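Data block for structure_14.txt (compact mmCIF, C-alpha atoms and all ligand atoms):
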```txt
# COMPACT_ATOMS: atom_id res chain seq x y z
CA MET A 1 12.43 2.74 -8.70
CA LYS A 2 15.32 1.26 -6.75
CA ILE A 3 17.11 -1.82 -8.09
CA LEU A 4 16.31 -3.61 -4.84
CA THR A 5 12.59 -3.24 -5.64
CA SER A 6 12.97 -5.03 -8.97
CA ASN A 7 13.98 -8.12 -7.00
CA TYR A 8 10.46 -8.19 -5.49
CA ILE A 9 8.45 -7.37 -8.62
CA THR A 10 6.80 -9.67 -11.10
CA CYS A 11 4.00 -9.38 -13.66
CA ALA A 12 0.65 -8.14 -12.31
CA VAL A 13 -1.24 -10.58 -14.56
CA LYS A 14 -2.36 -13.43 -12.28
CA ALA A 15 -1.74 -16.17 -14.83
CA CYS A 16 1.90 -15.10 -15.15
CA LYS A 17 2.84 -15.60 -11.50
CA SER A 18 3.25 -19.37 -11.84
CA SER A 19 5.58 -18.96 -14.83
CA THR A 20 9.31 -18.75 -14.17
CA LEU A 21 9.53 -16.46 -17.22
CA SER A 22 7.73 -13.66 -15.34
CA PHE A 23 10.56 -13.08 -12.83
CA PRO A 24 12.48 -10.93 -12.92
CA LEU A 25 10.80 -8.46 -15.25
CA HIS A 26 13.18 -7.15 -17.91
CA PHE A 27 14.32 -3.55 -18.13
CA GLN A 28 14.26 -1.72 -21.46
CA ASP A 29 15.41 1.81 -22.31
CA ALA A 30 16.23 2.44 -18.65
CA GLU A 31 17.56 5.82 -17.54
CA LEU A 32 19.45 5.71 -14.24
CA VAL A 33 20.31 8.19 -11.53
CA GLN A 34 22.39 7.83 -8.40
CA GLU A 35 20.76 9.28 -5.31
CA GLU A 36 22.51 9.27 -1.96
CA VAL A 37 20.86 7.16 0.75
CA ASP A 38 22.12 6.80 4.36
CA PHE A 39 24.39 3.75 4.57
CA ASN A 40 23.11 1.11 7.01
CA ALA A 41 25.49 -1.88 7.13
CA GLU A 42 23.20 -3.98 9.36
CA PHE A 43 20.32 -3.51 6.94
CA ILE A 44 22.39 -4.79 3.99
CA VAL A 45 23.53 -7.80 6.03
CA GLY A 46 19.90 -8.43 7.04
CA ILE A 47 18.44 -8.15 3.56
CA LEU A 48 21.07 -10.20 1.74
CA PRO A 49 19.55 -13.62 2.58
CA ARG A 50 16.19 -12.28 1.29
CA ILE A 51 17.50 -11.44 -2.18
CA GLU A 52 17.06 -13.75 -5.18
CA TRP A 53 20.64 -13.52 -6.36
CA ASP A 54 20.23 -15.03 -9.85
CA ALA A 55 17.44 -12.54 -10.61
CA LEU A 56 19.60 -9.68 -9.33
CA ILE A 57 22.43 -10.70 -11.67
CA VAL A 58 20.01 -10.62 -14.64
CA THR A 59 18.60 -7.23 -13.64
CA ALA A 60 22.01 -5.71 -12.94
CA ALA A 61 23.39 -6.89 -16.29
CA GLU A 62 20.41 -5.35 -18.13
CA LEU A 63 21.26 -2.05 -16.48
CA GLY A 64 24.98 -2.32 -17.32
CA PHE A 65 26.35 -3.62 -14.01
CA THR A 66 28.27 -6.77 -14.83
CA ASN A 67 30.67 -7.03 -11.90
CA LEU A 68 28.45 -8.88 -9.40
CA PRO A 69 29.89 -12.19 -8.16
CA ALA A 70 28.16 -15.25 -9.66
CA GLN A 71 27.41 -16.56 -6.17
CA LYS A 72 25.71 -14.60 -3.42
CA PRO A 73 28.25 -13.52 -0.78
CA GLU A 74 27.70 -15.79 2.25
CA PRO A 75 29.04 -14.12 5.38
CA THR A 76 29.93 -16.31 8.35
CA GLU A 77 30.80 -15.40 11.91
CA GLU A 78 34.48 -15.95 11.21
CA ALA A 79 34.34 -14.13 7.88
CA PRO A 80 31.78 -11.32 7.91
CA LEU A 81 31.39 -9.22 4.77
CA GLY A 82 33.86 -6.38 4.41
CA GLU A 83 32.70 -2.79 4.54
CA GLN A 84 33.48 -2.26 0.86
CA VAL A 85 31.31 -5.19 -0.25
CA LEU A 86 28.42 -3.86 1.83
CA LYS A 87 28.90 -0.34 0.47
CA ASP A 88 28.95 -1.62 -3.11
CA LEU A 89 25.72 -3.51 -2.52
CA HIS A 90 24.17 -0.46 -0.84
CA LYS A 91 25.09 1.65 -3.84
CA LEU A 92 23.64 -0.80 -6.35
CA LEU A 93 20.49 -1.82 -4.45
CA LEU A 94 19.40 1.43 -2.82
CA GLU A 95 21.18 4.36 -4.44
CA THR A 96 20.80 3.35 -8.09
CA GLN A 97 17.35 4.27 -9.32
CA VAL A 98 15.56 3.84 -12.61
CA THR A 99 13.82 7.11 -13.43
CA GLU A 100 12.45 6.35 -16.91
CA GLY A 101 12.07 3.16 -18.89
CA LYS A 102 10.06 0.00 -19.29
CA LEU A 103 9.68 -3.30 -17.48
CA VAL A 104 8.68 -6.20 -19.72
CA CYS A 105 7.17 -9.54 -18.66
CA GLY A 106 9.07 -12.46 -20.19
CA ASN A 107 5.90 -14.57 -20.16
CA CYS A 108 3.11 -12.38 -21.59
CA GLN A 109 5.34 -9.58 -22.99
CA HIS A 110 3.20 -6.92 -21.30
CA ILE A 111 5.10 -3.64 -20.89
CA TYR A 112 4.94 -1.59 -17.69
CA ASN A 113 6.15 1.99 -17.87
CA ILE A 114 8.39 3.74 -15.39
CA HIS A 115 8.01 7.51 -15.39
CA GLN A 116 9.68 9.97 -13.01
CA GLY A 117 10.89 7.04 -10.91
CA ILE A 118 7.45 5.45 -10.47
CA ALA A 119 6.44 2.20 -12.18
CA ASN A 120 2.79 1.79 -13.12
CA PHE A 121 1.33 -1.73 -12.83
CA LEU A 122 -2.33 -0.95 -13.49
CA LEU A 123 -3.56 -3.42 -16.09
CA PRO A 124 -5.75 -2.66 -19.08
CA ASN A 125 -9.24 -4.18 -18.66
CA HIS A 126 -8.65 -7.15 -20.95
CA LEU A 127 -5.77 -8.41 -18.76
CA VAL A 128 -7.53 -8.13 -15.38
CA MET B 129 -26.76 -3.24 -2.74
CA ASN B 130 -27.46 -3.45 -6.44
CA ILE B 131 -24.25 -2.88 -8.33
CA ASN B 132 -23.66 -4.26 -11.80
CA ASN B 133 -19.92 -3.86 -11.98
CA PHE B 134 -18.07 -3.58 -8.68
CA GLU B 135 -14.87 -2.43 -10.26
CA ASP B 136 -16.47 0.41 -12.21
CA TYR B 137 -18.27 1.36 -9.02
CA GLU B 138 -14.99 1.60 -7.10
CA VAL B 139 -13.37 3.61 -9.89
CA GLU B 140 -16.19 6.13 -9.54
CA HIS B 141 -16.60 6.15 -5.76
CA VAL B 142 -13.10 5.40 -4.48
CA HIS B 143 -10.25 5.82 -7.00
CA ARG B 144 -11.50 8.97 -8.70
CA VAL B 145 -12.18 10.57 -5.34
CA TYR B 146 -8.68 9.90 -3.94
CA GLU B 147 -7.09 11.10 -7.17
CA HIS B 148 -8.92 14.42 -6.74
CA ILE B 149 -8.46 14.90 -3.02
CA ALA B 150 -4.85 13.58 -2.86
CA PRO B 151 -3.00 16.74 -1.70
CA HIS B 152 -5.72 17.75 0.74
CA PHE B 153 -6.08 14.17 2.03
CA SER B 154 -2.31 13.83 2.41
CA ALA B 155 -2.05 17.08 4.37
CA THR B 156 -4.35 15.54 6.99
CA ARG B 157 -2.67 12.12 7.17
CA PHE B 158 0.57 12.35 9.09
CA LYS B 159 0.07 10.60 12.42
CA PRO B 160 0.75 6.85 12.36
CA TRP B 161 -1.60 4.56 14.28
CA PRO B 162 0.17 3.26 17.45
CA ILE B 163 -0.50 -0.41 16.64
CA VAL B 164 0.85 -0.02 13.11
CA GLU B 165 3.89 1.71 14.50
CA SER B 166 4.68 -1.03 17.01
CA PHE B 167 4.05 -3.75 14.38
CA LEU B 168 6.64 -2.13 12.10
CA ARG B 169 9.13 -1.38 14.88
CA ASN B 170 9.19 -5.00 16.06
CA LEU B 171 10.33 -6.41 12.69
CA PRO B 172 13.85 -7.86 12.34
CA ILE B 173 16.56 -5.80 10.62
CA GLY B 174 16.43 -6.32 6.86
CA ALA B 175 12.79 -7.52 6.82
CA VAL B 176 11.09 -6.95 3.45
CA GLY B 177 7.42 -6.05 3.17
CA LEU B 178 4.54 -4.41 1.38
CA ASP B 179 2.25 -1.49 2.17
CA ILE B 180 -0.88 -2.25 0.13
CA GLY B 181 -2.81 0.98 -0.37
CA CYS B 182 0.08 3.07 0.96
CA GLY B 183 -1.57 6.44 0.27
CA ASN B 184 0.93 9.20 1.01
CA GLY B 185 3.42 6.71 2.50
CA LYS B 186 3.10 7.92 6.07
CA TYR B 187 4.42 4.57 7.42
CA PHE B 188 7.61 4.60 5.30
CA THR B 189 9.64 6.45 7.91
CA VAL B 190 8.63 4.47 11.02
CA ASN B 191 11.45 1.89 10.85
CA PRO B 192 14.53 2.61 8.70
CA ASN B 193 15.83 -0.95 9.31
CA VAL B 194 13.18 -2.59 7.12
CA TYR B 195 12.38 -2.31 3.41
CA ILE B 196 8.83 -1.39 2.38
CA MET B 197 7.40 -1.29 -1.12
CA GLY B 198 4.20 0.74 -1.02
CA SER B 199 1.57 0.61 -3.73
CA ASP B 200 -1.63 2.53 -4.36
CA ARG B 201 -4.22 2.96 -7.13
CA SER B 202 -3.91 6.73 -6.92
CA SER B 203 -0.88 7.95 -8.86
CA ASN B 204 -1.26 11.36 -7.20
CA LEU B 205 -0.88 9.80 -3.74
CA VAL B 206 2.02 7.58 -4.90
CA ARG B 207 3.77 10.70 -6.16
CA ILE B 208 3.58 12.18 -2.65
CA ALA B 209 4.80 8.88 -1.12
CA HIS B 210 7.68 8.70 -3.61
CA ASP B 211 8.80 12.22 -2.78
CA ARG B 212 9.61 11.06 0.76
CA LYS B 213 12.81 9.53 -0.72
CA SER B 214 12.53 6.71 1.77
CA GLN B 215 11.47 3.13 0.87
CA ASP B 216 9.93 2.72 -2.62
CA SER B 217 6.51 3.11 -4.14
CA LEU B 218 4.58 2.11 -7.23
CA VAL B 219 1.15 2.38 -8.78
CA ALA B 220 -0.82 -0.88 -8.59
CA ASP B 221 -4.26 -2.30 -7.86
CA ALA B 222 -4.56 -4.19 -4.56
CA LEU B 223 -6.26 -7.05 -6.43
CA ASP B 224 -3.47 -7.30 -9.03
CA VAL B 225 -0.28 -6.65 -7.11
CA PRO B 226 2.95 -7.13 -9.09
CA HIS B 227 4.72 -9.11 -6.38
CA PRO B 228 5.92 -12.72 -6.35
CA ASN B 229 4.22 -15.11 -3.94
CA SER B 230 5.76 -16.28 -0.66
CA ARG B 231 8.63 -13.77 -0.53
CA PHE B 232 7.60 -11.22 2.10
CA ASP B 233 8.25 -11.03 5.84
CA PHE B 234 5.38 -8.64 6.42
CA ALA B 235 2.62 -6.58 4.88
CA ILE B 236 0.38 -3.80 6.07
CA SER B 237 -2.91 -2.65 4.57
CA ILE B 238 -4.30 0.25 6.52
CA ALA B 239 -7.78 1.61 5.76
CA VAL B 240 -7.94 0.05 2.29
CA ILE B 241 -9.96 -3.18 2.22
CA HIS B 242 -13.13 -1.40 3.38
CA HIS B 243 -13.17 0.37 -0.01
CA PHE B 244 -13.89 -2.87 -1.91
CA SER B 245 -17.59 -3.01 -2.65
CA SER B 246 -18.38 -6.74 -2.55
CA PRO B 247 -17.62 -9.51 -0.02
CA ALA B 248 -15.83 -11.51 -2.73
CA ARG B 249 -13.54 -8.60 -3.61
CA ARG B 250 -12.72 -7.90 0.05
CA VAL B 251 -11.79 -11.57 0.59
CA ALA B 252 -9.80 -11.59 -2.67
CA SER B 253 -7.78 -8.58 -1.51
CA ILE B 254 -6.88 -10.37 1.74
CA ARG B 255 -6.05 -13.56 -0.21
CA SER B 256 -3.65 -11.58 -2.39
CA ILE B 257 -1.90 -10.11 0.68
CA LEU B 258 -1.60 -13.56 2.32
CA ALA B 259 -0.19 -15.06 -0.89
CA ALA B 260 2.69 -12.59 -0.85
CA LEU B 261 3.73 -13.62 2.69
CA LYS B 262 6.33 -16.26 3.43
CA PRO B 263 4.40 -19.41 4.36
CA PRO B 264 4.90 -20.74 7.89
CA SER B 265 7.28 -23.70 8.09
CA ASN B 266 7.45 -26.03 11.10
CA ASP B 267 7.27 -23.29 13.66
CA GLU B 268 3.92 -21.62 13.02
CA HIS B 269 5.26 -18.22 14.06
CA ASP B 270 8.08 -17.92 11.55
CA GLY B 271 6.03 -17.14 8.44
CA GLY B 272 5.19 -13.67 7.18
CA LYS B 273 2.55 -11.61 8.96
CA ALA B 274 0.15 -8.96 7.74
CA LEU B 275 -1.54 -6.19 9.69
CA ILE B 276 -4.93 -5.13 8.32
CA TYR B 277 -7.02 -2.15 9.47
CA VAL B 278 -10.62 -1.47 8.49
CA TRP B 279 -13.22 1.05 9.58
CA ALA B 280 -15.68 -0.25 12.18
CA LEU B 281 -19.46 -0.07 12.13
CA GLU B 282 -19.29 0.18 15.91
CA GLN B 283 -18.27 3.76 16.58
CA LYS B 284 -20.94 5.09 18.91
CA ASN B 285 -18.42 7.38 20.55
CA SER B 286 -17.28 9.01 17.33
CA ARG B 287 -18.94 12.06 15.85
CA ARG B 288 -20.53 9.74 13.31
CA GLY B 289 -22.25 7.67 15.98
CA TRP B 290 -22.76 4.55 13.89
CA GLY B 291 -23.58 1.27 15.58
CA ASP B 292 -25.45 -2.00 15.45
CA GLY B 293 -28.31 -1.96 12.97
CA ASP B 294 -26.96 0.93 10.90
CA PRO B 295 -26.17 0.30 7.22
CA GLN B 296 -22.72 -1.16 6.59
CA ASP B 297 -22.34 0.16 3.04
CA VAL B 298 -22.15 3.92 3.16
CA PHE B 299 -20.86 7.01 1.46
CA VAL B 300 -18.64 9.25 3.53
CA PRO B 301 -18.26 12.77 2.17
CA TRP B 302 -14.94 14.53 1.88
CA VAL B 303 -15.28 18.30 1.71
CA MET B 304 -12.44 20.02 -0.08
CA SER B 305 -12.22 23.73 0.29
CA LYS B 306 -11.53 25.72 -2.86
CA ARG B 307 -9.78 28.56 -1.11
CA LEU B 308 -7.45 27.01 1.44
CA PRO B 309 -6.85 23.30 0.85
CA GLY B 310 -6.14 21.53 4.11
CA SER B 311 -6.92 24.59 6.18
CA LYS B 312 -8.31 23.79 9.61
CA ASN B 313 -10.46 26.89 9.77
CA GLU B 314 -11.92 26.28 6.38
CA ALA B 315 -12.80 22.69 7.17
CA ASP B 316 -14.32 23.74 10.49
CA LYS B 317 -16.87 25.87 8.69
CA HIS B 318 -18.32 22.76 7.15
CA ASN B 319 -18.99 21.27 10.54
CA ARG B 320 -22.08 23.40 10.86
CA GLN B 321 -23.73 21.32 8.18
CA THR B 322 -23.56 18.08 10.13
CA PRO B 323 -25.36 17.78 13.44
CA GLU B 324 -22.79 15.41 14.94
CA GLY B 325 -19.87 17.67 14.16
CA CYS B 326 -16.68 16.33 12.68
CA LYS B 327 -12.93 16.47 12.67
CA ALA B 328 -11.41 19.38 10.81
CA ASP B 329 -9.87 17.07 8.27
CA GLY B 330 -12.42 16.86 5.50
CA ASP B 331 -13.93 13.62 6.82
CA GLN B 332 -17.62 14.23 7.29
CA GLY B 333 -20.45 12.19 8.76
CA GLY B 334 -21.67 9.18 6.80
CA LYS B 335 -24.73 8.87 4.63
CA THR B 336 -26.46 5.90 3.11
CA HIS B 337 -26.33 5.43 -0.64
CA ASP B 338 -29.71 6.99 -1.26
CA GLU B 339 -28.84 10.22 0.51
CA ALA B 340 -25.41 10.63 -1.01
CA LYS B 341 -24.73 12.92 -3.88
CA GLU B 342 -21.68 14.79 -5.03
CA GLY B 343 -22.20 18.46 -4.38
CA LYS B 344 -20.58 21.63 -5.51
CA ASP B 345 -20.88 24.91 -3.70
CA GLU B 346 -19.30 28.11 -4.96
CA LYS B 347 -18.29 29.27 -1.48
CA GLU B 348 -17.75 26.05 0.40
CA GLY B 349 -15.81 23.99 -2.14
CA VAL B 350 -16.40 20.51 -3.52
CA THR B 351 -17.80 17.51 -1.70
CA TYR B 352 -16.59 14.06 -2.78
CA GLN B 353 -18.37 10.90 -1.68
CA ARG B 354 -16.20 7.90 -0.83
CA TYR B 355 -17.67 4.40 -0.60
CA TYR B 356 -16.96 2.39 2.58
CA HIS B 357 -17.97 -1.02 3.83
CA LEU B 358 -18.09 -0.69 7.64
CA TYR B 359 -16.91 -3.86 9.35
CA ARG B 360 -18.94 -5.47 12.14
CA SER B 361 -17.26 -7.10 15.14
CA GLY B 362 -15.77 -10.45 14.01
CA GLU B 363 -16.24 -9.78 10.30
CA LEU B 364 -12.56 -9.05 9.58
CA GLU B 365 -11.48 -12.33 11.21
CA ALA B 366 -14.17 -14.17 9.18
CA ASP B 367 -12.94 -12.58 5.93
CA ILE B 368 -9.36 -13.59 6.82
CA ALA B 369 -10.52 -17.19 7.39
CA SER B 370 -12.41 -17.19 4.05
CA ALA B 371 -9.18 -16.03 2.40
CA GLY B 372 -7.32 -19.05 3.81
CA GLY B 373 -5.59 -17.20 6.62
CA ILE B 374 -5.68 -17.08 10.37
CA ALA B 375 -5.96 -14.04 12.64
CA ILE B 376 -3.15 -14.37 15.18
CA GLU B 377 -4.11 -11.23 17.08
CA SER B 378 -6.97 -8.81 16.61
CA GLY B 379 -8.67 -5.90 18.28
CA TYR B 380 -10.40 -2.55 18.14
CA GLU B 381 -8.69 0.80 18.13
CA LYS B 382 -10.41 4.16 17.74
CA ASP B 383 -13.28 3.33 15.38
CA ASN B 384 -11.28 0.62 13.57
CA TRP B 385 -11.00 -3.16 13.67
CA TRP B 386 -7.51 -4.54 13.15
CA ALA B 387 -5.98 -8.00 12.82
CA ILE B 388 -2.50 -9.47 12.45
CA CYS B 389 -2.86 -12.48 10.19
CA ALA B 390 -0.80 -15.19 8.51
CA GLN B 391 -1.27 -18.07 6.09
CA ARG B 392 -2.94 -21.03 7.73
ZN ZN A 401 3.00 -11.29 -17.70
```

Have the structure of the file written as C-alpha cells, please.
Ligand SMILES: [Zn+2]
Amino acid sequence: MKILTSNYITCAVKACKSSTLSFPLHFQDAELVQEEVDFNAEFIVGILPRIEWDALIVTAAELGFTNLPAQKPEPTEEAPLGEQVLKDLHKLLLETQVTEGKLVCGNCQHIYNIHQGIANFLLPNHLV
Amino acid sequence: MNINNFEDYEVEHVHRVYEHIAPHFSATRFKPWPIVESFLRNLPIGAVGLDIGCGNGKYFTVNPNVYIMGSDRSSNLVRIAHDRKSQDSLVADALDVPHPNSRFDFAISIAVIHHFSSPARRVASIRSILAALKPPSNDEHDGGKALIYVWALEQKNSRRGWGDGDPQDVFVPWVMSKRLPGSKNEADKHNRQTPEGCKADGDQGGKTHDEAKEGKDEKEGVTYQRYYHLYRSGELEADIASAGGIAIESGYEKDNWWAICAQR
C-alpha cells in the first residue's frame, strides 16, 4: 500500500466515518519498501491540493518520516515548487510502500491487516 | 425471489465464484470498454478516484495522470490487480468501503452493482459511491462524477438473446476448463452445450434460478454459477435517483446500460 493511499482511507465501519478519530488510520508494526515509480511532476503538482496535509504529517511520522514541512507547500505562478520538493513528495507518496503491518481505527480500535502490500478491509459480521 | 439473507446469498453465488475463477476470469478481461476509457482519459491531471469492484485492475493503466484506488471483495483478483504495480488496490466490500466521504474527483464501478441481489442493496451500493464523491458547489458540474456499468436485460442481439419479459434475476454459468485454463479452444468446446453459442471466454448463456446448478464434469471442467440482476431500460437511472444522485449522461453499449452520475 502506497503512503498516498493512506490519505484516502478511513475505517470501513459506517458509524466511524462521522468521527474525526477515524482519519487517518494509524499504522502499527509497518514494514516498508521503496519501489521505483516513473516520476511525473505534473501529477504531483495536480494531486497536492487534494491531499489532507495534517493527516499526511501524522501518517508520515508513524512511519518514521519526520521532515515534512508543517504547512502544505503552496506553489504560485511566480514561485512554482522546485524539482527537488516534487521528487521528495513523489518518493514519499508513491514509491514508499507498506508491505506488512496493521492499520488501526482511532475511533473503534478495529485493526485492519496489510499483507504482501494489500490491506484487507472486509469486516467481521458483527461490525457490518 | 425468496432469499433469507442477501449477503450470504452473494457470498455463495458471487464472491466464492470469483475467488475460484479469478485467474481464468482475469485472462479473459483485458480490453477496456471505450466509454470507460474516454471517461478516465478526460479527467484533470492529479484527479483522485476509486474503482469499486476493480477485478483484475484492467482500468489502472488507462490514464497515468490520475490516481485510482481499486477495491474488490475477491482477494485473488486484487492480488492480480496489485501485481500491475500501477495505482493501488485493496480488499473491501462495495457496501463498506474504507474511504472518507466527499473527497473523490471520480469513481468507476464497472459490472459490479448487478451482482447485488436485492433492490435495497443495489441502491445502497450506489449511495456509497455517491457519498465518496466531492459534492457539487455552485457550479453543478464541478463535483465528483461516477461512471456505473451494469448488464442489460435487453440484449436480443447477443448470443444470450434476453429481452423484455425474460427474468431479470438469473444465474450465468462460468465454465472453467481443468486442463487449459483460459484456453480459447477449450472454452469453445463448451459452446456445443448451449444452443445460442457463446464467446470463448467462459461466459455462458443465462439460466433462471430453478434451472441453475453447479456442475462438475471430469472431462469438461467445473461450471460456476454467478448471480446477476439484469437491468431494464431506465432502471439504472431510477436506482441512481433513489440513492440521492442524478444521472448526468447515460446510454447503452454492447449489452450494458451505463450512466455518469453525481450527487444531486
Ligand atoms: Zn472504526

Original post:
Which of these residues is nearest to chain B, using all atoms listed in the file: A:Tyr8, A:Phe27, A:Trp53, A:Phe65?
Top reply: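 Of the candidates, the smallest distance to chain B is held by A:Tyr8.
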
Could you give me, as a tab-separated table, every chain A residue with an atom at most 12 Å from ligand ZN 401 (chain A), plus its closest atom pair and distance in Å to one decimal, counting all atoms listed in the file, rows ordered by chain then number?
```
residue	atom	partner	partner_atom	distance
A:Ile9	CA	A:ZN401	ZN	11.3
A:Thr10	CA	A:ZN401	ZN	7.8
A:Cys11	CA	A:ZN401	ZN	4.6
A:Ala12	CA	A:ZN401	ZN	6.7
A:Val13	CA	A:ZN401	ZN	5.3
A:Lys14	CA	A:ZN401	ZN	7.9
A:Ala15	CA	A:ZN401	ZN	7.4
A:Cys16	CA	A:ZN401	ZN	4.7
A:Lys17	CA	A:ZN401	ZN	7.6
A:Ser18	CA	A:ZN401	ZN	10.0
A:Ser19	CA	A:ZN401	ZN	8.6
A:Thr20	CA	A:ZN401	ZN	10.4
A:Leu21	CA	A:ZN401	ZN	8.3
A:Ser22	CA	A:ZN401	ZN	5.8
A:Phe23	CA	A:ZN401	ZN	9.2
A:Pro24	CA	A:ZN401	ZN	10.6
A:Leu25	CA	A:ZN401	ZN	8.7
A:His26	CA	A:ZN401	ZN	11.0
A:Leu103	CA	A:ZN401	ZN	10.4
A:Val104	CA	A:ZN401	ZN	7.9
A:Cys105	CA	A:ZN401	ZN	4.6
A:Gly106	CA	A:ZN401	ZN	6.7
A:Asn107	CA	A:ZN401	ZN	5.0
A:Cys108	CA	A:ZN401	ZN	4.0
A:Gln109	CA	A:ZN401	ZN	6.0
A:His110	CA	A:ZN401	ZN	5.7
A:Ile111	CA	A:ZN401	ZN	8.6
A:Tyr112	CA	A:ZN401	ZN	9.9
A:Phe121	CA	A:ZN401	ZN	10.9
A:Leu123	CA	A:ZN401	ZN	10.4
A:Leu127	CA	A:ZN401	ZN	9.3
A:Val128	CA	A:ZN401	ZN	11.2
```

**OP:** Would you kindly report the residues of chain B within 6 Å of chain A, using only C-alpha atoms, as a list in words?
**Re:**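 The contacting residues on chain B are Ile173, Gly174, Asn193, Leu218, Val219, Ala220, Asp224, Val225, Pro226, His227 and Pro228 of chain B.
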
**OP:** Could you jot down the atom CA of A:Val58 to atom CA of A:Leu93 separation for me, Å, one decimal place?
**Re:**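 Atom CA of A:Leu93 lies 13.5 Å from atom CA of A:Val58.
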
Subject >> Coordinates-based distance that separates atom CA of B:Leu178 from atom CA of A:Val33 (Å, one decimal) >> reply: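 Atom CA of B:Leu178 lies 24.0 Å from atom CA of A:Val33.
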
Original post:
So which residues touch stretch 258-267 of chain B within 7 Å, counting all atoms listed in the file, skipping near sequence neighbours fewer than 5 positions away, as a PyMOL selection string?
Top reply: chain B and resi 227-234+272-273+373+390-391

Original post:
In Å to one decimal, how far is atom CA of B:Ile276 from atom CA of B:His243?
Top reply: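 Interatomic distance here is 12.9 Å.
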
Subject >> Best match for closeness to B:Arg201 among B:Ala235, B:Val139, B:Ala369, B:Ala387, counting only C-alpha atoms >> reply: B:Val139

Original post:
Taking (-18.0, 3.3, -6.2) in the file's coordinates, which residues come within 10 Å, counting all atoms listed in the file, written as a ChimeraX atom specification?
Top reply: /B:131,133-145,243-245,299,353-356
